[in-house]
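Q: Structure provided below as structure tokens; questions to follow.
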Amino acid sequence: MLQKETIDNIATALFSAEREAFEVDKFVDNYPQLNADLAYRAQERLIEMKCEAEKTKIAGRKLGLTSVAKQQMMGVHEPVYGVLLDSMRLTEDTPISLAPFIHPKIEPEIAFVFKRELKGSSVSVPEVLDATAYVMPALEIIDSRYRNFSFTLPDVIADNASSSRFILGGPYFKPDEADLRLMGMVFKKNGQVISTSTGAAVMGHPARAIAWMVNKLAEAGQSIQPGEIVLSGALCEATAVSAGDLITVSMDGLGSATAFFTN
Ligand code: 0L1
Ligand code: MG
């Protein structure tokens with residue numbers, strides 16, 4: 001009962017913070033019982049609330065904290081995952097207004113689109129690739145609802161892994177048409193290179209992050225569904241965005257994704 005109340009309180013606060021674009025303080029101080037398991041339940045409740053309010057549905061999943069550097073910064077050894085909704089999807093050709101956001105950042109990701117269900121507790125990298133229809137460059141806008149992006153692991157899980165919006169680039173390739181591990185990536189803001197990286201920055205191979213998530217989802221009886229999109233985790237540090245910023249990511253042999261921000 002107390003657990004249900006805790007989950008509802010946290011989900012409701014995060015739902016309102018996102019809807020009205022204000023920051024909240026992390027919850028672990030007031031809810032010391034908040035652990036990763038409870039936090040994933042709060043995330044599920046938050047997603048239910050968003051689906052109902054936005055009349056939308058699940059588009060897929062995302063991973064976060066997939067780089068060793070980010071995990072070390074948070075003092076954790078595992079990534080986190082969240083849910084992507086249809087309402088979070090933006091397109092490259094429409095300028096993105098900053099109005100709905102709190103303190104948005106953007107980061108380059110590799111998106112996977114699945115052609116069949118991916119389920120199991122010991123799923124491997126080849127199995128992820130085999131179930132993948134297409135891969136493409138993507139950009140993820142993260143917008144933590146926590147003051148100054150300051151949170152613990154359970155806090156960020158409850159907040160749907162800071163997810164806010166995503167943009168798929170192109171063209172679409174079959175997973176065996178690119179070397180997702182050695183593939184180079186250039187991330188630019190207003191024509192200036194701000195980061196370079198390779199696919200291997202995501203847990204050695206972006207499909208490894210997805211395999212980790214599928215194995216974790218199996219504990220809760222969940223799986224990736226055919227047609228779902230999964231963002232495998234950022235290839236480098238996210239960067240803050242302001243009105244007028246043009247962001248591009250180019251990936252060797254995989255194409256590019258672009259986002260332009262306005263007031
Ligand atoms: O997609 C991400 O890597 C975000 C995970 C949560 C951590 C953050 O907000 O920086
Ligand atoms: Mg991300």
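The way I read the labels, and the way they are meant: chains A, B, ... in the order of the structure tokens, residue 1 as the first residue of every chain, and ligand 1 as the first ligand shown, with later ones counted on from there.
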May I have the residues within 10 Å of ligand 1, computed using only C-alpha atoms and all ligand atoms, as number ranges by chain?

A: A: 62-67, 70-71, 74, 79-82, 104-109, 140-146, 148-153, 155-157, 159-164, 231-238

Q: Those residues you just picked out, can you put them in a file as a short mmCIF file (atom, residue, chain, number, x, y, z; two decimals), in the first residue's frame with N, CA and C atoms?

A:
data_model
loop_
_atom_site.label_atom_id
_atom_site.label_comp_id
_atom_site.auth_asym_id
_atom_site.auth_seq_id
_atom_site.Cartn_x
_atom_site.Cartn_y
_atom_site.Cartn_z
N LYS A 62 14.50 3.05 -24.96
CA LYS A 62 15.81 3.72 -25.05
C LYS A 62 16.70 3.23 -23.92
N LEU A 63 17.99 3.27 -24.19
CA LEU A 63 18.95 2.99 -23.13
C LEU A 63 19.66 4.28 -22.75
N GLY A 64 20.09 4.36 -21.51
CA GLY A 64 20.88 5.49 -21.05
C GLY A 64 22.02 5.00 -20.20
N LEU A 65 22.97 5.86 -19.93
CA LEU A 65 24.15 5.53 -19.11
C LEU A 65 24.86 4.30 -19.67
N THR A 66 25.04 4.26 -20.98
CA THR A 66 25.68 3.09 -21.60
C THR A 66 27.19 3.25 -21.72
N SER A 67 27.71 4.47 -21.46
CA SER A 67 29.16 4.62 -21.56
C SER A 67 29.79 4.46 -20.17
N LYS A 70 30.02 7.72 -18.17
CA LYS A 70 28.79 8.19 -17.52
C LYS A 70 28.44 7.31 -16.31
N GLN A 71 28.69 6.01 -16.45
CA GLN A 71 28.41 5.11 -15.32
C GLN A 71 29.32 5.44 -14.14
N MET A 74 28.20 8.41 -12.23
CA MET A 74 27.03 8.15 -11.36
C MET A 74 27.32 7.07 -10.32
N PRO A 79 23.66 0.17 -17.25
CA PRO A 79 22.85 1.21 -17.89
C PRO A 79 21.45 1.27 -17.27
N VAL A 80 20.62 2.12 -17.81
CA VAL A 80 19.20 2.18 -17.44
C VAL A 80 18.40 2.15 -18.74
N TYR A 81 17.10 1.86 -18.63
CA TYR A 81 16.28 1.94 -19.84
C TYR A 81 15.00 2.71 -19.56
N GLY A 82 14.41 3.20 -20.66
CA GLY A 82 13.16 3.94 -20.57
C GLY A 82 12.30 3.59 -21.78
N PRO A 104 16.87 21.38 -22.07
CA PRO A 104 17.16 20.27 -22.97
C PRO A 104 18.63 20.13 -23.37
N LYS A 105 19.03 18.88 -23.55
CA LYS A 105 20.34 18.56 -24.13
C LYS A 105 20.07 17.58 -25.26
N ILE A 106 21.04 17.47 -26.17
CA ILE A 106 20.86 16.55 -27.30
C ILE A 106 22.09 15.66 -27.42
N GLU A 107 21.86 14.43 -27.87
CA GLU A 107 22.99 13.49 -27.98
C GLU A 107 22.77 12.54 -29.15
N PRO A 108 23.89 12.09 -29.77
CA PRO A 108 23.79 11.19 -30.92
C PRO A 108 23.62 9.74 -30.48
N GLU A 109 22.78 9.03 -31.19
CA GLU A 109 22.46 7.64 -30.85
C GLU A 109 22.38 6.82 -32.13
N GLU A 140 18.80 12.13 -29.78
CA GLU A 140 17.86 12.09 -28.65
C GLU A 140 17.94 13.40 -27.87
N ILE A 141 16.77 13.99 -27.61
CA ILE A 141 16.72 15.16 -26.72
C ILE A 141 16.41 14.62 -25.33
N ILE A 142 17.32 14.86 -24.40
CA ILE A 142 17.05 14.47 -23.01
C ILE A 142 16.73 15.74 -22.23
N ASP A 143 15.84 15.63 -21.26
CA ASP A 143 15.40 16.81 -20.51
C ASP A 143 14.98 16.36 -19.12
N SER A 144 15.99 16.00 -18.31
CA SER A 144 15.71 15.53 -16.95
C SER A 144 14.76 16.49 -16.25
N ARG A 145 13.82 15.92 -15.53
CA ARG A 145 12.90 16.77 -14.77
C ARG A 145 13.54 17.21 -13.45
N TYR A 146 14.75 16.74 -13.16
CA TYR A 146 15.40 17.08 -11.88
C TYR A 146 16.23 18.35 -11.99
N ASN A 148 18.89 20.88 -12.17
CA ASN A 148 20.30 20.80 -12.62
C ASN A 148 20.73 19.39 -13.05
N PHE A 149 19.81 18.58 -13.54
CA PHE A 149 20.18 17.21 -13.93
C PHE A 149 20.83 16.48 -12.76
N SER A 150 20.37 16.76 -11.54
CA SER A 150 21.00 16.14 -10.37
C SER A 150 20.09 15.04 -9.82
N PHE A 151 20.57 13.79 -9.88
CA PHE A 151 19.71 12.66 -9.49
C PHE A 151 20.58 11.46 -9.14
N THR A 152 19.93 10.48 -8.49
CA THR A 152 20.59 9.18 -8.27
C THR A 152 20.03 8.20 -9.30
N LEU A 153 20.55 6.99 -9.31
CA LEU A 153 20.09 6.00 -10.29
C LEU A 153 18.57 5.74 -10.20
N ASP A 155 16.24 7.69 -9.11
CA ASP A 155 15.54 8.90 -9.57
C ASP A 155 15.46 8.93 -11.09
N VAL A 156 16.59 8.69 -11.75
CA VAL A 156 16.62 8.82 -13.21
C VAL A 156 15.80 7.70 -13.87
N ILE A 157 15.76 6.54 -13.25
CA ILE A 157 14.91 5.45 -13.79
C ILE A 157 13.45 5.88 -13.74
N ASP A 159 12.23 8.75 -13.79
CA ASP A 159 12.03 9.85 -14.74
C ASP A 159 12.20 9.38 -16.19
N ASN A 160 11.93 8.10 -16.43
CA ASN A 160 12.00 7.53 -17.78
C ASN A 160 13.35 7.81 -18.46
N ALA A 161 14.42 7.70 -17.65
CA ALA A 161 15.79 7.85 -18.17
C ALA A 161 15.98 9.19 -18.89
N SER A 162 15.37 10.25 -18.33
CA SER A 162 15.52 11.63 -18.84
C SER A 162 14.97 11.83 -20.24
N SER A 163 14.25 10.84 -20.77
CA SER A 163 13.87 10.95 -22.19
C SER A 163 12.88 12.08 -22.43
N SER A 164 12.95 12.65 -23.64
CA SER A 164 12.04 13.74 -23.97
C SER A 164 11.54 13.62 -25.42
N LEU A 231 16.67 3.10 -29.06
CA LEU A 231 17.87 3.95 -29.08
C LEU A 231 18.89 3.28 -28.17
N SER A 232 20.09 3.01 -28.75
CA SER A 232 21.03 2.13 -28.04
C SER A 232 21.84 2.82 -26.96
N GLY A 233 21.76 4.17 -26.86
CA GLY A 233 22.59 4.90 -25.88
C GLY A 233 23.53 5.83 -26.62
N ALA A 234 23.88 6.93 -25.96
CA ALA A 234 24.65 7.98 -26.65
C ALA A 234 26.08 7.55 -26.95
N LEU A 235 26.60 8.06 -28.08
CA LEU A 235 27.99 7.77 -28.47
C LEU A 235 28.96 8.76 -27.83
N CYS A 236 28.44 9.85 -27.26
CA CYS A 236 29.29 10.82 -26.57
C CYS A 236 28.41 11.64 -25.63
N GLU A 237 29.05 12.55 -24.92
CA GLU A 237 28.36 13.43 -23.97
C GLU A 237 27.27 14.26 -24.67
N ALA A 238 26.14 14.48 -23.99
CA ALA A 238 25.08 15.34 -24.53
C ALA A 238 25.52 16.80 -24.47
#

Q: For region 243-252 of chain A, list every protein, DNA or RNA residue within 7 Å, evaluated using only C-alpha atoms, and leave out those in the same chain fewer than 2 positions away; present the list as a list in words.

A: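 Counting only C-alpha atoms, the residues come to Leu98, Pro108, Pro137, Met183, Gly184, Met185, Val186, Phe187, Lys188, Lys189, Asn190, Val241, Leu254, Gly255, Ser256, Ala257, Thr258, Ala259, Phe260, Phe261, Thr262 and Asn263 of chain A.
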
Q: Would you list, as a VMD selection string, the residues of region 5-200 of chain A that end up in strand (DSSP E) under DSSP run on this structure's backbone?

A: chain A and resid 58 to 64 80 to 85 89 to 90 96 to 97 105 to 114 132 to 142 163 to 168 184 to 189 192 to 198

Q: May I have a table of the residues of region 152-184 of chain A lying at most 10 Å from region 203-215 of chain A, giving each one's closest pair of atoms and their distance in Å to one decimal, counting only C-alpha atoms, ordered by chain and ascending residue number, as JSON lines?

A:
{"residue": "A:Pro175", "atom": "CA", "partner": "A:Ala207", "partner_atom": "CA", "distance": 9.8}
{"residue": "A:Asp179", "atom": "CA", "partner": "A:His205", "partner_atom": "CA", "distance": 9.6}
{"residue": "A:Leu180", "atom": "CA", "partner": "A:His205", "partner_atom": "CA", "distance": 6.8}
{"residue": "A:Arg181", "atom": "CA", "partner": "A:His205", "partner_atom": "CA", "distance": 5.0}
{"residue": "A:Leu182", "atom": "CA", "partner": "A:His205", "partner_atom": "CA", "distance": 8.7}

Q: Could you please take those selected residues and save N, CA, C and O atoms as a compact mmCIF listing (two decimals), in the first residue's frame?

A:
# COMPACT_ATOMS: atom_id res chain seq x y z
N PRO A 175 21.30 -4.17 -40.63
CA PRO A 175 22.39 -4.13 -39.64
C PRO A 175 23.72 -4.70 -40.14
O PRO A 175 24.77 -4.33 -39.64
N ASP A 179 29.45 -1.44 -40.11
CA ASP A 179 30.16 -1.97 -38.94
C ASP A 179 29.81 -1.07 -37.75
O ASP A 179 30.41 -0.01 -37.55
N LEU A 180 28.82 -1.48 -36.99
CA LEU A 180 28.28 -0.61 -35.93
C LEU A 180 29.27 -0.39 -34.80
O LEU A 180 29.12 0.52 -34.00
N ARG A 181 30.31 -1.22 -34.75
CA ARG A 181 31.30 -1.10 -33.67
C ARG A 181 32.41 -0.12 -34.05
O ARG A 181 32.74 0.81 -33.32
N LEU A 182 32.95 -0.28 -35.25
CA LEU A 182 34.08 0.56 -35.68
C LEU A 182 33.64 1.83 -36.39
O LEU A 182 34.47 2.71 -36.67

Q: Give me, as a short mmCIF file (atom, residue, chain, number, x, y, z; two decimals) with N, CA, C and O atoms, in the first residue's frame, the residues of region 13-254 of chain A that a backbone DSSP run labels helix (DSSP H, G or I).

A:
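This is the output file result_5.cif:
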data_model
loop_
_atom_site.label_atom_id
_atom_site.label_comp_id
_atom_site.auth_asym_id
_atom_site.auth_seq_id
_atom_site.Cartn_x
_atom_site.Cartn_y
_atom_site.Cartn_z
N ALA A 13 4.29 13.54 -9.69
CA ALA A 13 5.17 14.72 -9.63
C ALA A 13 5.98 14.86 -10.92
O ALA A 13 6.12 15.96 -11.48
N LEU A 14 6.48 13.74 -11.44
CA LEU A 14 7.29 13.79 -12.67
C LEU A 14 6.41 14.13 -13.88
O LEU A 14 6.83 14.88 -14.77
N PHE A 15 5.19 13.61 -13.88
CA PHE A 15 4.25 13.90 -14.97
C PHE A 15 3.96 15.41 -15.01
O PHE A 15 4.04 16.04 -16.08
N SER A 16 3.67 16.00 -13.86
CA SER A 16 3.36 17.44 -13.81
C SER A 16 4.58 18.27 -14.17
O SER A 16 4.47 19.28 -14.87
N ALA A 17 5.75 17.86 -13.69
CA ALA A 17 6.98 18.62 -13.96
C ALA A 17 7.22 18.70 -15.47
O ALA A 17 7.56 19.76 -16.01
N GLU A 18 7.00 17.57 -16.15
CA GLU A 18 7.22 17.58 -17.60
C GLU A 18 6.15 18.41 -18.31
O GLU A 18 6.46 19.24 -19.17
N ARG A 19 4.92 18.21 -17.91
CA ARG A 19 3.80 18.89 -18.59
C ARG A 19 3.88 20.40 -18.43
O ARG A 19 3.59 21.15 -19.34
N GLU A 20 4.30 20.84 -17.22
CA GLU A 20 4.32 22.29 -16.97
C GLU A 20 5.74 22.86 -17.04
O GLU A 20 5.96 24.02 -16.72
N ALA A 36 15.94 0.59 -7.48
CA ALA A 36 15.76 0.48 -8.93
C ALA A 36 14.44 -0.22 -9.27
O ALA A 36 13.72 0.21 -10.19
N ASP A 37 14.07 -1.27 -8.52
CA ASP A 37 12.83 -2.00 -8.84
C ASP A 37 11.60 -1.12 -8.68
O ASP A 37 10.74 -1.07 -9.56
N LEU A 38 11.53 -0.41 -7.55
CA LEU A 38 10.40 0.50 -7.33
C LEU A 38 10.39 1.61 -8.38
O LEU A 38 9.34 2.03 -8.86
N ALA A 39 11.59 2.07 -8.73
CA ALA A 39 11.70 3.16 -9.71
C ALA A 39 11.19 2.73 -11.08
O ALA A 39 10.52 3.50 -11.77
N TYR A 40 11.48 1.48 -11.49
CA TYR A 40 10.93 1.02 -12.78
C TYR A 40 9.40 0.93 -12.72
O TYR A 40 8.72 1.16 -13.72
N ARG A 41 8.86 0.64 -11.53
CA ARG A 41 7.38 0.62 -11.41
C ARG A 41 6.84 2.05 -11.50
O ARG A 41 5.78 2.28 -12.08
N ALA A 42 7.55 3.00 -10.92
CA ALA A 42 7.13 4.41 -11.03
C ALA A 42 7.20 4.85 -12.50
O ALA A 42 6.33 5.58 -13.00
N GLN A 43 8.25 4.40 -13.20
CA GLN A 43 8.38 4.73 -14.63
C GLN A 43 7.17 4.17 -15.41
O GLN A 43 6.61 4.85 -16.27
N GLU A 44 6.79 2.93 -15.11
CA GLU A 44 5.63 2.33 -15.80
C GLU A 44 4.37 3.13 -15.55
O GLU A 44 3.57 3.36 -16.46
N ARG A 45 4.21 3.58 -14.31
CA ARG A 45 3.01 4.39 -13.96
C ARG A 45 3.06 5.72 -14.73
O ARG A 45 2.04 6.17 -15.26
N LEU A 46 4.25 6.34 -14.78
CA LEU A 46 4.40 7.60 -15.51
C LEU A 46 4.02 7.41 -16.98
O LEU A 46 3.33 8.25 -17.58
N ILE A 47 4.48 6.32 -17.57
CA ILE A 47 4.18 6.05 -18.99
C ILE A 47 2.68 5.86 -19.20
O ILE A 47 2.10 6.37 -20.16
N GLU A 48 2.04 5.15 -18.27
CA GLU A 48 0.57 4.99 -18.36
C GLU A 48 -0.12 6.35 -18.37
O GLU A 48 -1.01 6.62 -19.16
N MET A 49 0.34 7.23 -17.45
CA MET A 49 -0.28 8.56 -17.34
C MET A 49 -0.07 9.36 -18.63
O MET A 49 -0.97 10.03 -19.12
N LYS A 50 1.15 9.27 -19.19
CA LYS A 50 1.45 10.02 -20.42
C LYS A 50 0.64 9.47 -21.60
O LYS A 50 0.12 10.23 -22.41
N CYS A 51 0.53 8.15 -21.70
CA CYS A 51 -0.22 7.55 -22.81
C CYS A 51 -1.67 8.01 -22.76
O CYS A 51 -2.27 8.34 -23.79
N GLU A 52 -2.21 8.06 -21.54
CA GLU A 52 -3.61 8.47 -21.40
C GLU A 52 -3.78 9.95 -21.74
O GLU A 52 -4.64 10.33 -22.52
N ALA A 53 -2.92 10.79 -21.19
CA ALA A 53 -3.06 12.24 -21.37
C ALA A 53 -2.75 12.67 -22.80
O ALA A 53 -3.38 13.57 -23.34
N GLU A 54 -1.76 12.02 -23.41
CA GLU A 54 -1.32 12.45 -24.75
C GLU A 54 -1.97 11.62 -25.86
O GLU A 54 -1.65 11.81 -27.04
N VAL A 68 30.98 3.90 -20.14
CA VAL A 68 31.69 3.68 -18.87
C VAL A 68 31.88 5.02 -18.16
O VAL A 68 31.71 5.13 -16.95
N ALA A 69 32.19 6.08 -18.94
CA ALA A 69 32.43 7.40 -18.34
C ALA A 69 31.19 7.87 -17.57
O ALA A 69 31.30 8.33 -16.42
N LYS A 70 30.02 7.72 -18.17
CA LYS A 70 28.79 8.19 -17.52
C LYS A 70 28.44 7.31 -16.31
O LYS A 70 27.98 7.79 -15.28
N GLN A 71 28.69 6.01 -16.45
CA GLN A 71 28.41 5.11 -15.32
C GLN A 71 29.32 5.44 -14.14
O GLN A 71 28.87 5.48 -13.00
N GLN A 72 30.59 5.73 -14.44
CA GLN A 72 31.53 6.07 -13.36
C GLN A 72 31.11 7.36 -12.68
O GLN A 72 31.17 7.49 -11.45
N MET A 73 30.65 8.32 -13.49
CA MET A 73 30.21 9.60 -12.96
C MET A 73 29.08 9.40 -11.94
O MET A 73 28.98 10.09 -10.95
N MET A 74 28.20 8.41 -12.23
CA MET A 74 27.03 8.15 -11.36
C MET A 74 27.32 7.07 -10.32
O MET A 74 26.45 6.75 -9.51
N ASP A 86 5.11 7.41 -29.21
CA ASP A 86 4.91 8.05 -30.53
C ASP A 86 4.95 9.57 -30.40
O ASP A 86 5.45 10.27 -31.28
N SER A 87 4.41 10.09 -29.29
CA SER A 87 4.35 11.56 -29.10
C SER A 87 5.73 12.18 -28.91
O SER A 87 5.87 13.40 -28.94
N MET A 88 6.77 11.38 -28.71
CA MET A 88 8.12 11.92 -28.51
C MET A 88 8.88 12.05 -29.83
O MET A 88 9.99 12.57 -29.86
N VAL A 125 24.44 -10.53 -28.78
CA VAL A 125 24.59 -9.50 -29.83
C VAL A 125 24.12 -10.04 -31.19
O VAL A 125 23.31 -9.38 -31.86
N PRO A 126 24.56 -11.24 -31.64
CA PRO A 126 24.07 -11.72 -32.94
C PRO A 126 22.56 -11.87 -32.98
O PRO A 126 21.93 -11.61 -34.02
N GLU A 127 21.95 -12.25 -31.86
CA GLU A 127 20.47 -12.38 -31.85
C GLU A 127 19.79 -11.02 -31.99
O GLU A 127 18.76 -10.90 -32.64
N VAL A 128 20.38 -9.99 -31.36
CA VAL A 128 19.83 -8.64 -31.51
C VAL A 128 19.90 -8.24 -32.98
O VAL A 128 18.91 -7.76 -33.56
N LEU A 129 21.06 -8.45 -33.60
CA LEU A 129 21.25 -8.04 -35.00
C LEU A 129 20.31 -8.82 -35.93
O LEU A 129 19.77 -8.27 -36.88
N ASP A 130 20.12 -10.08 -35.60
CA ASP A 130 19.26 -10.93 -36.42
C ASP A 130 17.79 -10.50 -36.37
O ASP A 130 17.06 -10.67 -37.34
N ARG A 147 16.19 19.12 -10.91
CA ARG A 147 16.95 20.36 -10.84
C ARG A 147 18.40 20.12 -11.23
O ARG A 147 19.04 19.22 -10.68
N ASN A 148 18.89 20.88 -12.17
CA ASN A 148 20.30 20.80 -12.62
C ASN A 148 20.73 19.39 -13.05
O ASN A 148 21.89 19.04 -12.88
N PHE A 149 19.81 18.58 -13.54
CA PHE A 149 20.18 17.21 -13.93
C PHE A 149 20.83 16.48 -12.76
O PHE A 149 21.75 15.69 -12.94
N LEU A 153 20.55 6.99 -9.31
CA LEU A 153 20.09 6.00 -10.29
C LEU A 153 18.57 5.74 -10.20
O LEU A 153 17.88 5.84 -11.22
N PRO A 154 17.99 5.46 -9.00
CA PRO A 154 16.53 5.26 -8.98
C PRO A 154 15.76 6.48 -9.45
O PRO A 154 14.73 6.35 -10.12
N ASP A 155 16.24 7.69 -9.11
CA ASP A 155 15.54 8.90 -9.57
C ASP A 155 15.46 8.93 -11.09
O ASP A 155 14.41 9.22 -11.66
N VAL A 156 16.59 8.69 -11.75
CA VAL A 156 16.62 8.82 -13.21
C VAL A 156 15.80 7.70 -13.87
O VAL A 156 15.17 7.91 -14.90
N ILE A 157 15.76 6.54 -13.25
CA ILE A 157 14.91 5.45 -13.79
C ILE A 157 13.45 5.88 -13.74
O ILE A 157 12.71 5.77 -14.72
N ALA A 158 13.02 6.40 -12.58
CA ALA A 158 11.61 6.83 -12.45
C ALA A 158 11.27 7.90 -13.48
O ALA A 158 10.16 7.95 -14.00
N ASN A 160 11.93 8.10 -16.43
CA ASN A 160 12.00 7.53 -17.78
C ASN A 160 13.35 7.81 -18.46
O ASN A 160 13.41 8.14 -19.65
N ALA A 161 14.42 7.70 -17.65
CA ALA A 161 15.79 7.85 -18.17
C ALA A 161 15.98 9.19 -18.89
O ALA A 161 16.64 9.24 -19.94
N SER A 162 15.37 10.25 -18.33
CA SER A 162 15.52 11.63 -18.84
C SER A 162 14.97 11.83 -20.24
O SER A 162 15.21 12.86 -20.87
N PRO A 175 21.30 -4.17 -40.63
CA PRO A 175 22.39 -4.13 -39.64
C PRO A 175 23.72 -4.70 -40.14
O PRO A 175 24.77 -4.33 -39.64
N ASP A 176 23.68 -5.58 -41.15
CA ASP A 176 24.95 -6.14 -41.65
C ASP A 176 25.57 -5.27 -42.75
O ASP A 176 26.60 -5.59 -43.32
N GLU A 177 24.94 -4.12 -43.04
CA GLU A 177 25.49 -3.24 -44.08
C GLU A 177 26.43 -2.18 -43.50
O GLU A 177 26.96 -1.35 -44.23
N GLY A 199 30.96 3.63 -32.71
CA GLY A 199 29.87 2.83 -32.14
C GLY A 199 30.29 2.06 -30.90
O GLY A 199 29.48 1.82 -30.00
N ALA A 200 31.56 1.69 -30.84
CA ALA A 200 32.05 0.90 -29.70
C ALA A 200 31.96 1.65 -28.38
O ALA A 200 32.08 1.04 -27.30
N ALA A 201 31.75 2.98 -28.44
CA ALA A 201 31.60 3.75 -27.20
C ALA A 201 30.39 3.28 -26.40
O ALA A 201 30.28 3.52 -25.20
N PRO A 206 26.88 -1.26 -29.92
CA PRO A 206 25.53 -0.80 -29.54
C PRO A 206 24.52 -1.94 -29.35
O PRO A 206 23.62 -1.83 -28.51
N ALA A 207 24.69 -3.03 -30.09
CA ALA A 207 23.75 -4.15 -29.92
C ALA A 207 23.92 -4.82 -28.55
O ALA A 207 23.00 -5.49 -28.06
N ARG A 208 25.11 -4.65 -27.93
CA ARG A 208 25.32 -5.23 -26.60
C ARG A 208 24.43 -4.54 -25.57
O ARG A 208 23.91 -5.17 -24.65
N ALA A 209 24.26 -3.24 -25.74
CA ALA A 209 23.40 -2.49 -24.81
C ALA A 209 21.97 -3.01 -24.94
O ALA A 209 21.26 -3.19 -23.94
N ILE A 210 21.56 -3.28 -26.18
CA ILE A 210 20.18 -3.75 -26.39
C ILE A 210 20.02 -5.16 -25.83
O ILE A 210 19.00 -5.47 -25.19
N ALA A 211 21.04 -6.00 -26.02
CA ALA A 211 20.98 -7.35 -25.44
C ALA A 211 20.84 -7.26 -23.92
O ALA A 211 20.02 -7.97 -23.32
N TRP A 212 21.61 -6.36 -23.30
CA TRP A 212 21.51 -6.18 -21.84
C TRP A 212 20.07 -5.83 -21.46
O TRP A 212 19.51 -6.41 -20.53
N MET A 213 19.47 -4.90 -22.20
CA MET A 213 18.12 -4.44 -21.86
C MET A 213 17.09 -5.57 -22.03
O MET A 213 16.22 -5.74 -21.17
N VAL A 214 17.21 -6.32 -23.12
CA VAL A 214 16.25 -7.41 -23.35
C VAL A 214 16.32 -8.42 -22.21
O VAL A 214 15.29 -8.88 -21.69
N ASN A 215 17.55 -8.74 -21.78
CA ASN A 215 17.72 -9.70 -20.69
C ASN A 215 17.13 -9.17 -19.39
O ASN A 215 16.58 -9.92 -18.59
N LYS A 216 17.24 -7.87 -19.21
CA LYS A 216 16.68 -7.22 -18.02
C LYS A 216 15.15 -7.17 -18.10
O LYS A 216 14.46 -7.44 -17.12
N LEU A 217 14.63 -6.87 -19.29
CA LEU A 217 13.17 -6.81 -19.48
C LEU A 217 12.54 -8.17 -19.19
O LEU A 217 11.40 -8.25 -18.69
N ALA A 218 13.28 -9.25 -19.50
CA ALA A 218 12.74 -10.60 -19.30
C ALA A 218 12.40 -10.83 -17.83
O ALA A 218 11.44 -11.55 -17.51
N GLU A 219 13.14 -10.19 -16.92
CA GLU A 219 12.87 -10.35 -15.48
C GLU A 219 11.47 -9.85 -15.15
O GLU A 219 10.85 -10.30 -14.20
#

Q: Could you state the separation of CA of Leu118 (chain A) and CA of Thr198 (chain A) in Å, given to one decimal place?

A: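 About the pair CA of Leu118 (chain A) and CA of Thr198 (chain A): they are 25.2 Å apart.
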
Q: Nearest residue to ligand 2 out of A:Leu139, A:Glu228, A:Phe22, A:Leu168, using only C-alpha atoms and all ligand atoms?

A: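 Using only C-alpha atoms and all ligand atoms, ligand 2 sits closest to A:Leu139.
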
Q: Which one of A:Arg165, A:Lys4, A:Lys55, A:Arg116 sits closest to ligand 2 if you count only C-alpha atoms and all ligand atoms?

A: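 Of A:Arg165, A:Lys4, A:Lys55, A:Arg116, the one nearest ligand 2, counting only C-alpha atoms and all ligand atoms, is A:Arg165.
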
Q: Measuring between only C-alpha atoms and all ligand atoms, which one of A:Ile7, A:Ala138, A:Val24, A:Ala131 shows the shortest distance to ligand 2?

A: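 Smallest separation from ligand 2 among the options: A:Ala138.
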
Q: State, in Å with one decimal place, the distance from CA of Ile102 (chain A) to CA of Ile167 (chain A).

A: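 So the two atoms, CA of Ile102 (chain A) and CA of Ile167 (chain A), lie 18.4 Å apart.
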
Q: Would you please work out which residue, of A:Phe101, A:Phe173, A:Tyr31, A:Phe166, is nearest to ligand 2 when using only C-alpha atoms and all ligand atoms?

A: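 Looking at the shortest contact to ligand 2, the residue is A:Phe166.
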
Q: Can you work out which one of A:Val83, A:Lys119, A:Gly227, A:His103 has the shortest atom-to-atom distance to Thr239 (chain A), counting only C-alpha atoms?

A: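 Closest to Thr239 (chain A) of all the choices is A:His103.
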
Q: CA of Ala21 (chain A) and CA of Val230 (chain A), how far apart in Å?

A: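 Between these atoms lies a distance of 25.4 Å.
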
Q: Using only C-alpha atoms and all ligand atoms, find the one residue out of A:Ile58, A:Val123, A:Asp8, A:Ile110 that sits nearest to ligand 2.

A: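 Looking only at the distances to ligand 2, the closest residue turns out to be A:Ile110.
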